Protein chains: 2
Amino acid sequence: MPALPRSGEFALIDRHFRRPPVSRNATVGIGDDCALLAPLPNEQLAISTDMLVAGRHFFEDVDPAALGHKALAVNLSDLAACGAQPLGATLAIALPAVDDAWLEAFASGLFALADAHACELVGGDTTRGPLTLSLTVFGSVPPGSAHLRSGASAGDDIYVSHAPLQGLGDARLALQLQQLARGETPSAAATLQALDTRLRHHLLHMTRVRLELPQPRVALGLALRGIASACADLSDGLTGDLGHILRASGLGASLKALDGAEGLLHACSPALRTLGNDFALDMALAGGDDYELVFTAPPARREAVAAAAARCGLCASRIGRMEPQPGLRWIDLEGRQQTLAAQAFDHFA
Amino acid sequence: MPALPRSGEFALIDRHFRRPPVSRNATVGIGDDCALLAPLPNEQLAISTDMLVAGRHFFEDVDPAALGHKALAVNLSDLAACGAQPLGATLAIALPAVDDAWLEAFASGLFALADAHACELVGGDTTRGPLTLSLTVFGSVPPGSAHLRSGASAGDDIYVSHAPLQGLGDARLALQLQQLARGETPSAAATLQALDTRLRHHLLHMTRVRLELPQPRVALGLALRGIASACADLSDGLTGDLGHILRASGLGASLKALDGAEGLLHACSPALRTLGNDFALDMALAGGDDYELVFTAPPARREAVAAAAARCGLCASRIGRMEPQPGLRWIDLEGRQQTLAAQAFDHFA
């Protein structure tokens, strides 16, 4: 019963972000000073926050529905890494100006993914400013069940998740192909410029969904409860994100390019491998924007890992092993050992 | 045991935002994919998020310690409005470049206020971009105890909180004095330019603490549990924020300038009143950045309201009454009735 006129900002929230509750997680949603969330009894709350800035994390002219999807996906990916069940999210958004068509598309992308994970938008803030998104997500996990980065043991296998025919490095390839099309010079410019236009279009077609519509591995994170010893999500590149596990667990690791059923090449897509196995492995190691899980588990749990992945329709490729000796070693396609610098993408480098 | 080199972004987080836990709210804090928070048994979680953009919510050259304080204060103010006990917060920050001295000061301001409210920084994100801050805060409240905007009844008294000698409109006056000093033309420019420089300096001295270091009324929000029927915090101006309560409760209200012990003039500081009572009331009605509570309670609870405020060292000035008739009416100093447009500050107006 709105007795008073509504101003633009609040009408904006109403128009695009207020919906009837889709689940029973939130008892009071958008519109009060706070949202009220009823945590699951005897469970812990997992919380993660991410900020996305136009021109840095996405192109200003990106499809807004895809942006709405991705903004939530990168946060749900953190819940997946913890093995938490999503409950809700808040969204803070700075916009240069009101653009109803843009907001409608953005909200449609965000809500489609939110609904798929029963994750309720419980609150938010809108303001004018350079296009910036900040989401905070909430999940639920029984005490002691969360995957931490610190739980790996020497001897544990190292896995990465991926969907069939998709893999690590795809998103980075798509980004570089898009940068090239914009006249920029990505790191692999020489290789990519040498391709004929039709192949470049084909590769972009096969990989851009990985860059623009990453699927957070929430179901896999849940399925790995009690199986994975440590887990992180791949956002800044495999070497860097695995490095978090190494540091937190006080261990080192060896990764293999290809050794029978083991090796990172198993986690590279056919599309990426058309550019050569060495190129594919480089892209997979230093990727970024993969939003897959990298996790460890004891060798005795190999069947359990495979079964958990299969229940989610995903592959869990075994790529190496945790070792007591610090550092990250790489066994290349010729069996030579190299040392990798386990650097994650650094926004301030 | 950091076995691997750390990159700049993570070192940045370590240097400025990672601390030993100060309370037992978070079982895993900054540094994993998610923070884990143990909610209080049988309580609900109150959640609020706010985004602050340089040049819009604060001057680029603001004192960073004050900015750290204010960024958290405006979020804690939302928890106060709900009557929630703060538990923790996440911080996402976009910075144009790394400036260690700035970050150290910012963190010091943020942590000083966080510690004062036992509110733990449990997670965050740092990225490069136009200076933007986004905080999400978490509080705890027993089911059914949260103050909502929708709980007011016709006949309820309307109150605003403030500290002795401070009041509504002070922050807006400070902002306008600062804008004037920068050569901008705030809405009250004519009045303020007519003042002699010494008085302008005195007024800024008396009021800028209200703009730069707002004190979230968390203790009052808790003390009003079971007493207030509805509550909101004052961030966008009294008429607008009270308007939220009117809309949510399906009611109207009358506010009085001054009528014995009742009236908004009681909530205006002596500093602001040196500019005249009419001017002071205009600033108090349309303020913004007050971060006080506006709340309602039945007349039978006047003593309980006064006692709750007194336990917090605060004043609760009674300024009007909820009425069944929609709309917001204003009884001015001469006893004439006017109708106010209950418009909150609109970032997109």
# chains A, B, ... in the order shown; residues from 1 in each chain; ligands from 1

call {"tool": "residues_around", "arguments": {"residues": "range 311-325 of chain A", "least_positions_apart": "2", "cutoff": "8 Å", "atoms": "only C-alpha atoms", "output": "MDAnalysis selection string"}}
result
chainID A and resid 152:164 219:220 223 251:257 261:264 266:267 296 305:309 327

call {"tool": "closest_atom_pairs", "arguments": {"of": "range 96-202 of chain B", "to": "range 56-77 of chain B", "cutoff": "9 Å", "atoms": "only C-alpha atoms", "output": "Markdown table"}}
result
| residue | atom | partner | partner_atom | distance |
| --- | --- | --- | --- | --- |
| B:Trp102 | CA | B:Pro64 | CA | 6.0 |
| B:Leu103 | CA | B:Pro64 | CA | 7.5 |
| B:Glu104 | CA | B:Ala65 | CA | 8.2 |
| B:Ala105 | CA | B:Ala65 | CA | 4.7 |
| B:Phe106 | CA | B:Ala65 | CA | 4.3 |
| B:Ala107 | CA | B:Gly68 | CA | 6.1 |
| B:Ser108 | CA | B:Ala65 | CA | 6.1 |
| B:Gly109 | CA | B:Ala65 | CA | 4.1 |
| B:Leu110 | CA | B:Gly68 | CA | 4.2 |
| B:Phe111 | CA | B:His69 | CA | 7.8 |
| B:Ala112 | CA | B:His69 | CA | 7.5 |
| B:Leu113 | CA | B:His69 | CA | 6.0 |
| B:Ala114 | CA | B:Leu72 | CA | 7.4 |
| B:His117 | CA | B:Leu76 | CA | 8.8 |
| B:Leu131 | CA | B:Glu60 | CA | 8.1 |
| B:Leu133 | CA | B:Ala71 | CA | 7.3 |
| B:Ser134 | CA | B:Ala71 | CA | 8.0 |
| B:Leu135 | CA | B:Leu72 | CA | 7.0 |
| B:Thr136 | CA | B:Asn75 | CA | 7.1 |
| B:Val137 | CA | B:Asn75 | CA | 6.3 |
| B:Phe138 | CA | B:Leu76 | CA | 8.8 |
| B:Gly139 | CA | B:Leu76 | CA | 8.8 |

call {"tool": "atom_distance", "arguments": {"atom1": "CA of Val122 in chain B", "atom2": "CA of Asp50 in chain A"}}
result
13.1 Å

call {"tool": "atom_distance", "arguments": {"atom1": "CA of Ala341 in chain A", "atom2": "CA of Pro298 in chain A"}}
result
24.9 Å

call {"tool": "select_by_dssp", "arguments": {"residues": "range 45-169 of chain B", "states": "strand (DSSP E or B)", "output": "ChimeraX atom specification"}}
result
/B:45-54,58,85-95,120-128,132-141,157-162

call {"tool": "write_last_selection", "arguments": {"atoms": "C-alpha atoms", "output": "mmCIF file, in the first residue's frame"}}
result
data_model
loop_
_atom_site.group_PDB
_atom_site.id
_atom_site.type_symbol
_atom_site.label_atom_id
_atom_site.label_comp_id
_atom_site.auth_asym_id
_atom_site.auth_seq_id
_atom_site.Cartn_x
_atom_site.Cartn_y
_atom_site.Cartn_z
ATOM 1 C CA LEU B 45 21.124 -13.394 10.462
ATOM 2 C CA ALA B 46 20.597 -9.743 9.518
ATOM 3 C CA ILE B 47 22.455 -8.750 6.351
ATOM 4 C CA SER B 48 22.994 -5.379 4.730
ATOM 5 C CA THR B 49 25.174 -4.077 1.923
ATOM 6 C CA ASP B 50 26.239 -0.574 0.838
ATOM 7 C CA MET B 51 28.460 0.752 -1.912
ATOM 8 C CA LEU B 52 30.419 4.009 -1.634
ATOM 9 C CA VAL B 53 31.841 5.652 -4.755
ATOM 10 C CA ALA B 54 34.554 8.336 -4.742
ATOM 11 C CA PHE B 58 32.969 11.030 -0.380
ATOM 12 C CA GLN B 85 24.046 -7.444 17.130
ATOM 13 C CA PRO B 86 26.993 -7.079 14.692
ATOM 14 C CA LEU B 87 28.960 -10.259 13.975
ATOM 15 C CA GLY B 88 31.132 -9.597 10.940
ATOM 16 C CA ALA B 89 31.674 -7.802 7.664
ATOM 17 C CA THR B 90 33.201 -8.297 4.238
ATOM 18 C CA LEU B 91 34.978 -5.553 2.314
ATOM 19 C CA ALA B 92 35.392 -5.293 -1.454
ATOM 20 C CA ILE B 93 37.567 -2.421 -2.570
ATOM 21 C CA ALA B 94 38.598 -1.123 -5.978
ATOM 22 C CA LEU B 95 41.682 1.118 -5.957
ATOM 23 C CA GLU B 120 35.048 -9.058 12.614
ATOM 24 C CA LEU B 121 36.307 -8.480 9.054
ATOM 25 C CA VAL B 122 35.823 -12.001 7.711
ATOM 26 C CA GLY B 123 36.573 -11.629 4.033
ATOM 27 C CA GLY B 124 37.108 -9.357 1.117
ATOM 28 C CA ASP B 125 38.261 -8.664 -2.383
ATOM 29 C CA THR B 126 40.709 -6.117 -3.746
ATOM 30 C CA THR B 127 40.928 -5.071 -7.355
ATOM 31 C CA ARG B 128 42.112 -2.197 -9.490
ATOM 32 C CA THR B 132 34.902 2.186 -4.782
ATOM 33 C CA LEU B 133 34.062 0.456 -1.513
ATOM 34 C CA SER B 134 31.420 -2.166 -0.979
ATOM 35 C CA LEU B 135 30.777 -3.610 2.454
ATOM 36 C CA THR B 136 28.358 -6.269 3.561
ATOM 37 C CA VAL B 137 27.647 -6.646 7.278
ATOM 38 C CA PHE B 138 26.176 -9.523 9.240
ATOM 39 C CA GLY B 139 24.367 -9.297 12.526
ATOM 40 C CA SER B 140 22.366 -11.573 14.763
ATOM 41 C CA VAL B 141 18.821 -11.133 15.976
ATOM 42 C CA ASP B 157 4.945 8.370 18.491
ATOM 43 C CA ILE B 158 7.788 9.077 16.070
ATOM 44 C CA TYR B 159 11.295 9.577 17.446
ATOM 45 C CA VAL B 160 14.752 10.373 16.131
ATOM 46 C CA SER B 161 17.971 9.602 17.989
ATOM 47 C CA HIS B 162 20.895 11.994 18.411
#

call {"tool": "select_by_dssp", "arguments": {"residues": "range 22-154 of chain B", "states": "alpha helix (DSSP H)", "output": "PyMOL selection string"}}
result
chain B and resi 64-82+100-116

call {"tool": "closest_atom_pairs", "arguments": {"of": "range 18-121 of chain B", "to": "range 227-241 of chain B", "cutoff": "7 Å", "atoms": "only C-alpha atoms", "output": "CSV"}}
result
residue,atom,partner,partner_atom,distance
B:Ser77,CA,B:Asp233,CA,6.3
B:Asp78,CA,B:Asp233,CA,6.2
B:Ala81,CA,B:Ala232,CA,4.9
B:Cys82,CA,B:Cys231,CA,6.9

call {"tool": "atom_distance", "arguments": {"atom1": "CA of Asp32 in chain B", "atom2": "CA of Cys119 in chain A"}}
result
21.1 Å

call {"tool": "residues_around", "arguments": {"residues": "Asp170 in chain A", "least_positions_apart": "5", "cutoff": "9 Å", "atoms": "only C-alpha atoms", "output": "MDAnalysis selection string"}}
result
chainID A and resid 175 206:211 268:269 271:272 280 283:284 287 289:290
